[in-house]
$ cat start-v6.csv   # CSV, C-alpha atoms
chain,number,residue,atom,x,y,z
N,21,MET,CA,105.0,77.7,132.9
N,22,SER,CA,106.0,80.2,135.5
N,23,PRO,CA,109.6,81.3,135.3
N,24,ILE,CA,109.6,82.1,139.0
N,25,ASP,CA,112.1,80.3,141.2
N,26,GLU,CA,109.8,78.6,143.7
N,27,ALA,CA,112.4,78.9,146.5
N,28,THR,CA,112.1,82.7,146.4
N,29,LEU,CA,108.3,82.9,146.4
N,30,ASP,CA,107.9,83.6,150.1
N,31,THR,CA,110.7,86.1,150.3
N,32,ASP,CA,110.4,89.9,150.0
N,33,THR,CA,112.0,89.7,146.5
N,34,PRO,CA,110.9,86.8,144.4
N,35,GLN,CA,113.2,86.0,141.5
N,36,THR,CA,112.9,84.3,138.1
N,37,LEU,CA,115.0,81.2,137.4
N,38,ASP,CA,117.3,83.4,135.3
N,39,GLY,CA,117.9,85.7,138.2
N,40,ARG,CA,115.6,88.7,137.5
N,41,ALA,CA,114.2,90.2,140.7
N,42,TYR,CA,110.8,91.5,141.6
N,43,PRO,CA,110.6,95.1,140.4
N,44,GLU,CA,110.7,97.6,143.1
N,45,HIS,CA,108.1,99.8,141.5
N,46,LEU,CA,105.5,97.1,141.9
N,47,ARG,CA,105.7,97.2,145.7
N,48,PRO,CA,102.9,99.9,146.1
N,49,TYR,CA,100.4,97.4,144.6
N,50,LEU,CA,100.6,94.9,147.4
N,51,LYS,CA,98.0,96.8,149.2
N,52,TYR,CA,95.3,95.8,146.7
N,53,ASP,CA,95.8,92.1,147.3
N,54,LYS,CA,92.7,91.7,149.5
N,55,THR,CA,90.3,93.5,147.1
N,56,LEU,CA,91.5,92.0,143.9
N,57,LEU,CA,92.1,88.4,145.1
N,58,ALA,CA,88.6,88.4,146.5
N,59,ILE,CA,87.3,89.4,143.0
N,60,LEU,CA,89.2,86.5,141.5
N,61,VAL,CA,87.7,84.1,144.0
N,62,ARG,CA,84.3,85.3,142.9
N,63,GLU,CA,85.1,85.2,139.2
N,64,GLY,CA,87.1,82.0,139.3
N,65,GLU,CA,89.1,83.0,136.2
N,66,ALA,CA,88.8,86.3,134.4
N,67,THR,CA,90.2,88.5,131.6
N,68,PHE,CA,91.4,92.0,132.4
N,69,ASP,CA,88.2,93.4,131.0
N,70,GLU,CA,86.1,91.2,133.2
N,71,LEU,CA,88.0,92.2,136.3
N,72,ALA,CA,87.9,95.9,135.3
N,73,ARG,CA,84.1,95.9,135.1
N,74,GLY,CA,84.3,95.2,138.8
N,75,PRO,CA,82.8,97.5,139.8
N,76,LEU,CA,86.1,98.9,141.2
N,77,ASP,CA,87.1,102.0,142.9
N,78,ALA,CA,88.9,104.4,140.6
N,79,ARG,CA,92.2,103.9,142.4
N,80,VAL,CA,92.0,100.1,142.3
N,81,LEU,CA,91.0,100.2,138.6
N,82,ALA,CA,94.0,102.3,137.7
N,83,ALA,CA,96.3,100.0,139.6
N,84,LEU,CA,94.8,96.8,138.2
N,85,PRO,CA,97.3,96.2,135.3
N,86,ARG,CA,100.3,96.5,137.6
N,87,TRP,CA,98.7,94.6,140.4
N,88,LEU,CA,98.3,91.7,138.0
N,89,ALA,CA,102.0,91.9,137.2
N,90,SER,CA,102.9,92.0,140.9
N,91,ALA,CA,100.6,89.1,141.8
N,92,GLN,CA,102.2,86.9,139.1
N,93,TRP,CA,105.7,87.6,140.5
N,94,ARG,CA,104.5,86.5,143.9
N,95,GLY,CA,102.8,83.4,142.6
N,96,LEU,CA,99.3,84.5,143.8
N,97,ILE,CA,97.8,84.3,140.3
N,98,GLU,CA,98.6,82.4,137.1
N,99,ARG,CA,98.1,83.7,133.6
N,100,SER,CA,97.0,81.8,130.5
N,101,ASP,CA,97.7,83.2,127.1
N,102,ALA,CA,95.8,80.4,125.3
N,103,GLY,CA,92.7,82.4,124.2
N,104,THR,CA,92.2,85.6,122.4
N,105,GLN,CA,92.8,87.6,125.6
N,106,ARG,CA,94.9,86.7,128.6
N,107,ARG,CA,93.1,85.1,131.5
N,108,TYR,CA,94.0,85.2,135.1
N,109,ALA,CA,93.2,82.7,137.8
N,110,LEU,CA,93.9,82.4,141.5
N,111,THR,CA,96.6,79.9,142.7
N,112,GLN,CA,96.6,78.0,146.0
N,113,ARG,CA,99.1,80.5,147.2
N,114,GLY,CA,96.7,83.3,146.3
N,115,ARG,CA,93.9,81.6,148.3
N,116,ARG,CA,96.3,81.3,151.3
N,117,ARG,CA,97.2,84.9,151.0
N,118,LEU,CA,93.6,85.9,151.1
N,119,ARG,CA,93.1,84.0,154.4
N,120,THR,CA,96.0,85.8,156.1
N,121,PRO,CA,95.0,88.8,158.3
N,122,SER,CA,97.2,91.2,156.3
N,123,GLY,CA,96.0,89.7,153.0
W,18,MET,CA,83.2,102.1,138.5
W,19,PRO,CA,80.5,101.5,135.8
W,20,SER,CA,81.0,102.3,132.1
W,21,GLY,CA,83.1,105.4,131.7
W,22,GLU,CA,80.5,107.0,129.5
W,23,ASP,CA,78.0,107.4,132.4
W,24,LEU,CA,80.0,110.4,133.6
W,25,PHE,CA,79.3,112.3,130.4
W,26,VAL,CA,75.6,113.0,130.9
W,27,ASP,CA,74.0,115.1,133.6
W,28,GLY,CA,70.9,114.2,135.7
W,29,SER,CA,68.6,115.4,133.0
W,30,GLY,CA,70.2,113.4,130.3
W,31,GLN,CA,72.1,116.4,128.7
W,32,PRO,CA,75.6,115.8,127.5
W,33,GLN,CA,78.2,117.3,129.8
W,34,LEU,CA,81.9,118.0,129.9
W,35,THR,CA,83.9,116.1,132.4
W,36,LEU,CA,87.5,116.4,133.5
W,37,CYS,CA,89.5,113.6,131.9
W,38,ALA,CA,92.8,112.4,130.9
W,39,VAL,CA,92.6,111.9,127.1
W,40,LEU,CA,94.8,109.9,124.8
W,41,TYR,CA,94.8,110.8,121.1
W,42,VAL,CA,96.7,108.3,118.9
W,43,ASP,CA,97.5,108.4,115.2
W,44,LEU,CA,98.4,104.9,113.7
W,45,LEU,CA,101.2,105.4,111.3
W,46,GLY,CA,100.9,104.1,107.8
W,47,VAL,CA,97.3,102.8,108.3
W,48,SER,CA,95.9,105.0,105.5
W,49,ALA,CA,98.3,103.4,103.0
W,50,LEU,CA,97.4,99.9,104.3
W,51,ALA,CA,93.7,100.7,103.9
W,52,GLU,CA,94.3,101.5,100.2
W,53,GLY,CA,96.8,98.6,99.7
W,54,GLN,CA,96.2,95.2,98.1
W,55,ALA,CA,96.4,93.5,101.5
W,56,ALA,CA,93.7,95.8,103.1
W,57,GLN,CA,91.6,92.9,104.3
W,58,GLN,CA,94.5,91.2,106.0
W,59,SER,CA,95.5,94.6,107.5
W,60,LEU,CA,92.1,95.1,108.9
W,61,VAL,CA,92.1,91.7,110.6
W,62,ARG,CA,95.6,92.3,112.0
W,63,LEU,CA,94.5,95.7,113.3
W,64,GLU,CA,91.3,94.4,114.9
W,65,ARG,CA,93.3,91.7,116.6
W,66,ALA,CA,95.8,94.1,118.0
W,67,LEU,CA,93.1,96.4,119.4
W,68,ARG,CA,91.0,93.7,120.9
W,69,SER,CA,93.2,90.8,122.0
W,70,MET,CA,96.1,89.9,124.3
W,71,TYR,CA,95.8,92.5,127.2
W,72,ARG,CA,92.3,93.7,126.6
W,73,ASP,CA,89.6,95.0,124.2
W,74,PHE,CA,90.4,98.6,123.8
W,75,LEU,CA,87.2,99.3,121.9
W,76,ALA,CA,84.8,97.5,124.3
W,77,ASP,CA,81.4,99.4,124.7
W,78,ASP,CA,81.3,98.9,128.4
W,79,SER,CA,84.9,99.9,129.1
W,80,PRO,CA,85.8,102.1,132.1
W,81,TRP,CA,88.0,103.9,129.5
W,82,PRO,CA,85.6,105.0,126.8
W,83,ALA,CA,87.2,104.9,123.4
W,84,ALA,CA,86.4,105.8,119.7
W,85,MET,CA,88.3,105.0,116.6
W,86,PHE,CA,88.0,106.5,113.1
W,87,SER,CA,90.3,105.7,110.2
W,88,ASP,CA,93.8,105.9,111.7
W,89,THR,CA,92.8,107.8,114.8
W,90,LEU,CA,92.0,106.3,118.2
W,91,VAL,CA,90.9,108.3,121.2
W,92,VAL,CA,90.7,106.8,124.8
W,93,ALA,CA,89.6,108.7,127.9
W,94,ALA,CA,90.0,108.2,131.6
W,95,PRO,CA,87.4,110.3,133.5
W,96,LEU,CA,88.5,111.9,136.8
W,97,VAL,CA,86.3,110.4,139.5
W,98,PRO,CA,85.3,113.1,142.0
W,99,SER,CA,85.2,110.6,144.9
W,100,ALA,CA,89.0,110.1,144.4
W,101,GLY,CA,89.5,113.7,145.8
W,102,LYS,CA,92.8,115.5,145.3
W,103,GLY,CA,94.4,112.4,143.8
W,104,ALA,CA,91.9,112.2,141.0
W,105,ALA,CA,94.1,113.7,138.3
W,106,GLU,CA,97.0,111.5,139.1
W,107,ILE,CA,94.8,108.3,139.2
W,108,ALA,CA,93.2,109.1,135.9
W,109,THR,CA,96.5,110.1,134.2
W,110,GLY,CA,98.4,107.2,135.7
W,111,GLY,CA,95.7,104.7,134.8
W,112,LEU,CA,95.5,105.9,131.2
W,113,THR,CA,99.3,105.9,130.9
W,114,ILE,CA,99.4,102.1,131.6
W,115,GLN,CA,96.5,101.6,129.1
W,116,ALA,CA,98.4,103.6,126.5
W,117,ALA,CA,101.6,101.6,127.1
W,118,TRP,CA,99.7,98.3,126.7
W,119,LEU,CA,98.0,99.6,123.6
W,120,GLN,CA,101.3,100.9,122.1
W,121,LEU,CA,103.2,97.7,122.9
W,122,ASN,CA,100.5,95.5,121.5
W,123,LEU,CA,100.1,97.6,118.3
W,124,VAL,CA,103.8,97.9,117.7
W,125,LEU,CA,104.4,94.2,118.1
W,126,SER,CA,101.7,93.7,115.5
W,127,GLY,CA,103.5,96.1,113.1
W,128,PHE,CA,101.5,99.2,113.8
W,129,PHE,CA,103.6,102.1,115.1
W,130,LEU,CA,101.9,105.1,116.5
W,131,ARG,CA,102.3,108.7,117.6
W,132,GLY,CA,100.1,110.2,120.3
W,133,GLY,CA,99.4,112.9,122.9
W,134,LEU,CA,98.1,112.6,126.4
W,135,ALA,CA,96.3,115.6,127.9
W,136,LEU,CA,94.3,116.5,130.9
W,137,GLY,CA,91.2,118.7,130.7
W,138,GLN,CA,87.5,119.0,130.0
W,139,PHE,CA,86.2,116.4,127.6
W,140,HIS,CA,83.1,114.7,126.4
W,141,ILE,CA,82.8,111.3,124.7
W,142,ARG,CA,79.5,109.5,124.3
W,143,GLU,CA,77.8,107.5,121.6
W,144,GLY,CA,80.3,108.6,119.0
W,145,LEU,CA,80.4,112.3,119.9
W,146,LEU,CA,83.8,113.6,121.0
W,147,PHE,CA,84.4,117.2,122.1
W,148,GLY,CA,86.5,119.3,124.5
W,149,GLU,CA,89.7,121.1,125.2
W,150,ALA,CA,91.6,118.0,126.3
W,151,LEU,CA,90.9,116.4,122.9
W,152,VAL,CA,92.2,119.5,121.1
W,153,GLU,CA,95.3,119.6,123.3
W,154,ALA,CA,95.9,115.8,122.8
W,155,TYR,CA,95.6,116.2,119.0
W,156,ARG,CA,98.0,119.2,119.0
W,157,LEU,CA,100.5,117.2,121.1
W,158,GLU,CA,100.3,114.3,118.6
W,159,SER,CA,100.4,116.5,115.5
W,160,ARG,CA,103.0,119.1,116.5
W,161,LEU,CA,105.1,117.9,119.5
W,162,ALA,CA,105.4,114.1,119.2
W,163,VAL,CA,107.1,114.1,115.8
W,164,HIS,CA,108.4,110.6,116.4
W,165,PRO,CA,106.4,107.4,117.1
W,166,ARG,CA,106.0,108.2,120.8
W,167,VAL,CA,103.1,109.2,123.1
W,168,VAL,CA,103.9,112.6,124.6
W,169,PHE,CA,102.5,114.3,127.7
W,170,GLY,CA,100.9,117.7,127.9
W,171,SER,CA,102.0,120.0,130.7
W,172,ALA,CA,99.1,119.3,133.0
W,173,ALA,CA,99.3,115.5,132.5
W,174,ALA,CA,103.0,115.5,133.2
W,175,GLU,CA,102.5,117.7,136.3
W,176,ALA,CA,99.9,115.3,137.6
W,177,GLN,CA,102.5,112.5,137.4
W,178,ARG,CA,105.2,114.6,138.9
W,179,GLU,CA,102.9,115.5,141.8
W,180,ALA,CA,102.4,111.8,142.4
W,181,LEU,CA,106.1,111.3,142.9
W,182,LYS,CA,105.9,113.3,146.1
W,183,PHE,CA,104.1,110.4,147.8
W,184,TYR,CA,107.0,108.0,147.4
W,185,SER,CA,110.0,107.9,149.8
W,186,GLU,CA,112.1,106.8,146.8
W,187,PRO,CA,110.7,108.4,143.7
W,188,ARG,CA,113.2,106.6,141.6
W,189,ASN,CA,111.4,103.4,142.4
W,190,SER,CA,107.9,104.8,141.9
W,191,PRO,CA,105.5,103.3,139.3
W,192,GLN,CA,105.5,106.6,137.4
W,193,ASN,CA,109.3,106.6,137.0
W,194,ALA,CA,109.1,103.1,135.6
W,195,LEU,CA,106.8,104.0,132.7
W,196,LEU,CA,107.8,107.5,131.7
W,197,LEU,CA,111.0,108.9,130.1
W,198,VAL,CA,112.1,112.4,129.3
W,199,ASP,CA,113.5,112.8,125.7
W,200,GLN,CA,116.5,115.1,125.0
W,201,ASP,CA,114.0,117.8,123.9
W,202,GLY,CA,112.5,117.7,127.4
W,203,THR,CA,109.3,116.0,126.3
W,204,VAL,CA,107.9,113.4,128.7
W,205,PHE,CA,106.8,110.2,126.8
W,206,ILE,CA,105.6,106.7,127.5
W,207,ASP,CA,108.4,104.1,127.9
W,208,TYR,CA,106.2,101.2,126.6
W,209,LEU,CA,109.1,98.7,126.4
W,210,GLU,CA,109.3,98.9,130.1
W,211,LEU,CA,106.2,96.8,130.3
W,212,LEU,CA,108.2,93.8,129.0
W,213,PHE,CA,110.0,93.9,132.4
W,214,ASP,CA,106.9,94.3,134.6
W,215,GLU,CA,105.9,90.6,134.5
W,216,PRO,CA,108.1,87.7,135.3
W,217,ASP,CA,108.1,86.5,131.7
W,218,ASP,CA,111.5,86.7,129.9
W,219,PRO,CA,111.5,90.1,128.2
W,220,ARG,CA,113.9,89.0,125.5
W,221,PRO,CA,111.4,87.5,123.0
W,222,GLY,CA,109.4,90.8,123.1
W,223,LEU,CA,112.5,92.9,122.6
W,224,GLU,CA,113.5,90.7,119.7
W,225,GLU,CA,110.1,91.1,118.1
W,226,HIS,CA,110.4,94.9,118.6
W,227,ARG,CA,113.9,95.0,117.2
W,228,ASP,CA,112.8,93.1,114.1
W,229,ALA,CA,109.7,95.4,113.6
W,230,VAL,CA,111.9,98.5,113.8
W,231,ALA,CA,114.6,97.0,111.5
W,232,ALA,CA,111.9,96.1,108.9
W,233,GLN,CA,110.6,99.7,109.0
W,234,LEU,CA,114.1,101.1,108.6
W,235,THR,CA,114.7,98.9,105.6
W,236,THR,CA,111.3,99.7,104.0
W,237,HIS,CA,111.7,103.5,104.3
W,238,ARG,CA,115.5,103.7,103.5
W,239,ASN,CA,114.7,106.0,100.6
W,240,ASP,CA,112.3,108.4,102.4
W,241,SER,CA,114.3,110.4,104.9
W,242,ARG,CA,111.2,112.0,106.6
W,243,ILE,CA,109.7,108.6,107.5
W,244,TRP,CA,113.1,106.9,108.0
W,245,ASP,CA,114.0,109.5,110.7
W,246,LYS,CA,110.9,108.5,112.7
W,247,TYR,CA,112.0,104.8,112.9
W,248,ARG,CA,115.6,105.8,113.5
W,249,TRP,CA,114.2,107.5,116.7
W,250,VAL,CA,112.5,104.2,117.6
W,251,ALA,CA,115.7,102.3,117.1
W,252,ASP,CA,117.6,104.8,119.3
W,253,TYR,CA,114.9,104.4,122.0
W,254,HIS,CA,115.0,100.6,121.7
W,255,ASN,CA,118.8,100.5,122.0
W,256,ALA,CA,118.7,102.8,125.0
W,257,VAL,CA,116.3,100.5,126.8
W,258,CYS,CA,118.5,97.5,126.0
W,259,GLU,CA,121.6,99.4,127.2
W,260,ARG,CA,119.9,100.3,130.4
W,261,ARG,CA,118.2,96.9,131.1
W,262,LEU,CA,120.3,94.2,129.4
W,263,PRO,CA,123.6,95.9,128.6
W,264,SER,CA,125.6,92.8,127.9
W,265,GLU,CA,123.1,91.3,125.4
W,266,GLN,CA,124.2,93.1,122.2
W,267,TYR,CA,122.1,90.8,119.9
W,268,LEU,CA,118.9,92.5,121.2
W,269,ARG,CA,119.8,95.8,119.8
W,270,VAL,CA,118.7,97.1,116.4
W,271,ASP,CA,121.6,96.5,114.1
W,272,THR,CA,123.5,99.8,113.6
W,273,SER,CA,124.0,99.0,109.9
W,274,GLY,CA,120.3,99.5,109.6
W,275,THR,CA,120.2,102.7,111.7
W,276,ASP,CA,123.3,104.6,110.6
W,277,ARG,CA,122.8,107.2,107.9
W,278,ARG,CA,124.3,106.3,104.6
W,279,PHE,CA,126.4,108.8,102.8
W,280,ASP,CA,127.4,107.8,99.3
W,281,ALA,CA,130.0,109.5,97.0
W,282,LEU,CA,128.6,111.8,94.3
W,283,VAL,CA,130.2,109.4,91.8
W,284,PRO,CA,130.5,105.9,93.3

$ encode --input "start-v6.csv" --output "structure tokens"
Amino acid sequence: MSPIDEATLDTDTPQTLDGRAYPEHLRPYLKYDKTLLAILVREGEATFDELARGPLDARVLAALPRWLASAQWRGLIERSDAGTQRRYALTQRGRRRLRTPSG
Amino acid sequence: MPSGEDLFVDGSGQPQLTLCAVLYVDLLGVSALAEGQAAQQSLVRLERALRSMYRDFLADDSPWPAAMFSDTLVVAAPLVPSAGKGAAEIATGGLTIQAAWLQLNLVLSGFFLRGGLALGQFHIREGLLFGEALVEAYRLESRLAVHPRVVFGSAAAEAQREALKFYSEPRNSPQNALLLVDQDGTVFIDYLELLFDEPDDPRPGLEEHRDAVAAQLTTHRNDSRIWDKYRWVADYHNAVCERRLPSEQYLRVDTSGTDRRFDALVP
């Protein structure tokens, strides 16, 4: 279950239900939304290793771990820890983000 | 980017050196575990820590080629020429996050480690490892790290400092959120910071880490050389808690486990 306060999801600084705020150092990763959300649309659901096989540009590949963190804060993707490795899947919010011109 | 190993052969199939960021890691106490009665269980635990949760660090087709032998793990991030002037920062930064993931996963599985991260010429392919960056990373691990920390060589640290110039607020840069400078001036990876990267509650991870450190302090109470290493981890853990969750004292490693004990000659 996501610990994000839904009411803060469309703000600049999403917050968790216990009041922790979106980390400032994750802001530079917003620019990778379009590239990485598109890959998740293609893959449906993927582990980090599956996403990293891309193929991805070196800069995007290096940014991937922290983009995944940033996207979780913003409700664009959801993470499942049920299997051996974590799996990531696009949310409806992520799909909408991909359709916006700046997405 | 295809498998990282592709950059280590030239057009005629000859092995070649490539500029890389190289991580050299020594898993502490693994030799003793390999010889211990619970060796089989230790092997399963180690394999799980290396291949599960975040990613499979030993995957053959990884963009970060890796090799492991005994208690030593080497992981490389080749500099990609198309990345231009930022190639060193990208490779070093990317490998730093990989190293932090690796260290956090291993430590929370009970495997503490010491390592070095260097930048320079390197070759890794089909089990053959060679190059100046490997030598430097090994020296960093064996001579400079001392404590269970992953320390940076001068070129690797410089690549990260160069990257700070591109941020209007370097304090809030990704680099500043994953690296710390120790009191000896050494730059090392602040792997506990990863617990604050995602929206999950960081407290369960900090509690696991606290308990893992406390267990090592208790186990090695009578061996000052090893005990000092875990005392350093306790100091690091408590510094992170003080900075991030200062009012939550219960998250800290109990000082009765970290204080030196001085007994009378005749009790």

$ closest_residue --input "start-v6.csv" --among "W:Leu112, W:Leu60, W:Ile243, W:Leu151" --to "chain N" --atoms "all atoms listed in the file"
W:Leu112

$ residues_near_point --input "start-v6.csv" --point "(107.5, 103.2, 140.9)" --cutoff "10 Å" --atoms "only C-alpha atoms" --output "list in words"
Pro43, Glu44, His45, Leu46, Arg47, Pro48 and Tyr49 of chain N; Leu181, Tyr184, Glu186, Pro187, Arg188, Asn189, Ser190, Pro191, Gln192, Asn193, Ala194 and Leu195 of chain W

$ atom_distance --input "start-v6.csv" --atom1 "atom CA of Gly127 of chain W" --atom2 "atom CA of Ala229 of chain W"
6.3 Å

$ interface_residues --input "start-v6.csv" --of "chain N" --to "chain W" --cutoff "6 Å" --atoms "only C-alpha atoms" --output "JSON, numbers by chain"
{"N": [44, 45, 75, 76, 77, 82, 89, 93, 104, 105, 106]}

$ closest_residue --input "start-v6.csv" --among "N:Leu50, N:Ala109, N:Ala58, N:Ala66" --to "Arg86 of chain N" --atoms "all atoms listed in the file"
N:Leu50

$ residues_around --input "start-v6.csv" --residues "Ile97 of chain N" --least-positions-apart "2" --cutoff "9 Å" --atoms "only C-alpha atoms" --output "VMD selection string"
chain N and resid 57 60 88 91 to 95 99 108 to 114

$ write_last_selection --input "start-v6.csv" --atoms "C-alpha atoms" --output "compact mmCIF listing (two decimals), in the frame of the given file"
# COMPACT_ATOMS: atom_id res chain seq x y z
CA LEU N 57 92.10 88.40 145.10
CA LEU N 60 89.20 86.50 141.50
CA LEU N 88 98.30 91.70 138.00
CA ALA N 91 100.60 89.10 141.80
CA GLN N 92 102.20 86.90 139.10
CA TRP N 93 105.70 87.60 140.50
CA ARG N 94 104.50 86.50 143.90
CA GLY N 95 102.80 83.40 142.60
CA ARG N 99 98.10 83.70 133.60
CA TYR N 108 94.00 85.20 135.10
CA ALA N 109 93.20 82.70 137.80
CA LEU N 110 93.90 82.40 141.50
CA THR N 111 96.60 79.90 142.70
CA GLN N 112 96.60 78.00 146.00
CA ARG N 113 99.10 80.50 147.20
CA GLY N 114 96.70 83.30 146.30

$ closest_residue --input "start-v6.csv" --among "N:Pro121, N:Val80, N:Leu37, N:Arg116" --to "Leu96 of chain N" --atoms "all atoms listed in the file"
N:Arg116

$ build_atoms --input "start-v6.csv" --residues "segment 58-82 of chain N" --atoms "N, CA and C atoms" --output "PDB file, keeping the file's coordinate frame"
ATOM      1  N   ALA N  58      89.971  88.780 146.165  1.00  0.00           N
ATOM      2  CA  ALA N  58      88.600  88.400 146.500  1.00  0.00           C
ATOM      3  C   ALA N  58      87.737  88.428 145.185  1.00  0.00           C
ATOM      4  N   ILE N  59      88.011  89.341 144.285  1.00  0.00           N
ATOM      5  CA  ILE N  59      87.300  89.400 143.000  1.00  0.00           C
ATOM      6  C   ILE N  59      87.593  88.114 142.200  1.00  0.00           C
ATOM      7  N   LEU N  60      88.858  87.703 142.224  1.00  0.00           N
ATOM      8  CA  LEU N  60      89.200  86.500 141.500  1.00  0.00           C
ATOM      9  C   LEU N  60      88.611  85.243 142.078  1.00  0.00           C
ATOM     10  N   VAL N  61      88.426  85.234 143.407  1.00  0.00           N
ATOM     11  CA  VAL N  61      87.700  84.100 144.000  1.00  0.00           C
ATOM     12  C   VAL N  61      86.305  84.040 143.486  1.00  0.00           C
ATOM     13  N   ARG N  62      85.681  85.193 143.371  1.00  0.00           N
ATOM     14  CA  ARG N  62      84.300  85.300 142.900  1.00  0.00           C
ATOM     15  C   ARG N  62      84.195  84.854 141.422  1.00  0.00           C
ATOM     16  N   GLU N  63      85.139  85.379 140.615  1.00  0.00           N
ATOM     17  CA  GLU N  63      85.100  85.200 139.200  1.00  0.00           C
ATOM     18  C   GLU N  63      85.625  83.778 138.769  1.00  0.00           C
ATOM     19  N   GLY N  64      86.481  83.213 139.612  1.00  0.00           N
ATOM     20  CA  GLY N  64      87.100  82.000 139.300  1.00  0.00           C
ATOM     21  C   GLY N  64      88.316  82.191 138.354  1.00  0.00           C
ATOM     22  N   GLU N  65      88.029  82.682 137.169  1.00  0.00           N
ATOM     23  CA  GLU N  65      89.100  83.000 136.200  1.00  0.00           C
ATOM     24  C   GLU N  65      88.524  84.159 135.376  1.00  0.00           C
ATOM     25  N   ALA N  66      89.375  85.098 135.014  1.00  0.00           N
ATOM     26  CA  ALA N  66      88.800  86.300 134.400  1.00  0.00           C
ATOM     27  C   ALA N  66      89.862  86.945 133.449  1.00  0.00           C
ATOM     28  N   THR N  67      89.361  87.649 132.424  1.00  0.00           N
ATOM     29  CA  THR N  67      90.200  88.500 131.600  1.00  0.00           C
ATOM     30  C   THR N  67      90.377  89.838 132.331  1.00  0.00           C
ATOM     31  N   PHE N  68      91.288  90.669 131.827  1.00  0.00           N
ATOM     32  CA  PHE N  68      91.400  92.000 132.400  1.00  0.00           C
ATOM     33  C   PHE N  68      90.104  92.754 132.312  1.00  0.00           C
ATOM     34  N   ASP N  69      89.458  92.698 131.146  1.00  0.00           N
ATOM     35  CA  ASP N  69      88.200  93.400 131.000  1.00  0.00           C
ATOM     36  C   ASP N  69      87.142  93.006 131.959  1.00  0.00           C
ATOM     37  N   GLU N  70      87.068  91.700 132.214  1.00  0.00           N
ATOM     38  CA  GLU N  70      86.100  91.200 133.200  1.00  0.00           C
ATOM     39  C   GLU N  70      86.388  91.709 134.581  1.00  0.00           C
ATOM     40  N   LEU N  71      87.655  91.724 134.935  1.00  0.00           N
ATOM     41  CA  LEU N  71      88.000  92.200 136.300  1.00  0.00           C
ATOM     42  C   LEU N  71      87.777  93.748 136.349  1.00  0.00           C
ATOM     43  N   ALA N  72      88.042  94.468 135.264  1.00  0.00           N
ATOM     44  CA  ALA N  72      87.900  95.900 135.300  1.00  0.00           C
ATOM     45  C   ALA N  72      86.460  96.369 135.407  1.00  0.00           C
ATOM     46  N   ARG N  73      85.521  95.494 134.975  1.00  0.00           N
ATOM     47  CA  ARG N  73      84.100  95.900 135.100  1.00  0.00           C
ATOM     48  C   ARG N  73      83.661  95.822 136.559  1.00  0.00           C
ATOM     49  N   GLY N  74      84.446  95.212 137.383  1.00  0.00           N
ATOM     50  CA  GLY N  74      84.300  95.200 138.800  1.00  0.00           C
ATOM     51  C   GLY N  74      82.939  95.025 139.443  1.00  0.00           C
ATOM     52  N   PRO N  75      82.343  96.133 139.885  1.00  0.00           N
ATOM     53  CA  PRO N  75      82.800  97.500 139.800  1.00  0.00           C
ATOM     54  C   PRO N  75      83.976  97.768 140.769  1.00  0.00           C
ATOM     55  N   LEU N  76      84.931  98.575 140.347  1.00  0.00           N
ATOM     56  CA  LEU N  76      86.100  98.900 141.200  1.00  0.00           C
ATOM     57  C   LEU N  76      86.203 100.357 141.441  1.00  0.00           C
ATOM     58  N   ASP N  77      86.726 100.663 142.600  1.00  0.00           N
ATOM     59  CA  ASP N  77      87.100 102.000 142.900  1.00  0.00           C
ATOM     60  C   ASP N  77      88.115 102.526 141.915  1.00  0.00           C
ATOM     61  N   ALA N  78      88.079 103.837 141.613  1.00  0.00           N
ATOM     62  CA  ALA N  78      88.900 104.400 140.600  1.00  0.00           C
ATOM     63  C   ALA N  78      90.418 104.103 140.800  1.00  0.00           C
ATOM     64  N   ARG N  79      90.830 104.170 142.052  1.00  0.00           N
ATOM     65  CA  ARG N  79      92.200 103.900 142.400  1.00  0.00           C
ATOM     66  C   ARG N  79      92.638 102.475 142.109  1.00  0.00           C
ATOM     67  N   VAL N  80      91.748 101.555 142.468  1.00  0.00           N
ATOM     68  CA  VAL N  80      92.000 100.100 142.300  1.00  0.00           C
ATOM     69  C   VAL N  80      92.014  99.807 140.759  1.00  0.00           C
ATOM     70  N   LEU N  81      91.069 100.422 140.052  1.00  0.00           N
ATOM     71  CA  LEU N  81      91.000 100.200 138.600  1.00  0.00           C
ATOM     72  C   LEU N  81      92.267 100.645 137.910  1.00  0.00           C
ATOM     73  N   ALA N  82      92.762 101.816 138.282  1.00  0.00           N
ATOM     74  CA  ALA N  82      94.000 102.300 137.700  1.00  0.00           C
ATOM     75  C   ALA N  82      95.183 101.425 137.978  1.00  0.00           C
TER      76      ALA N  82
END
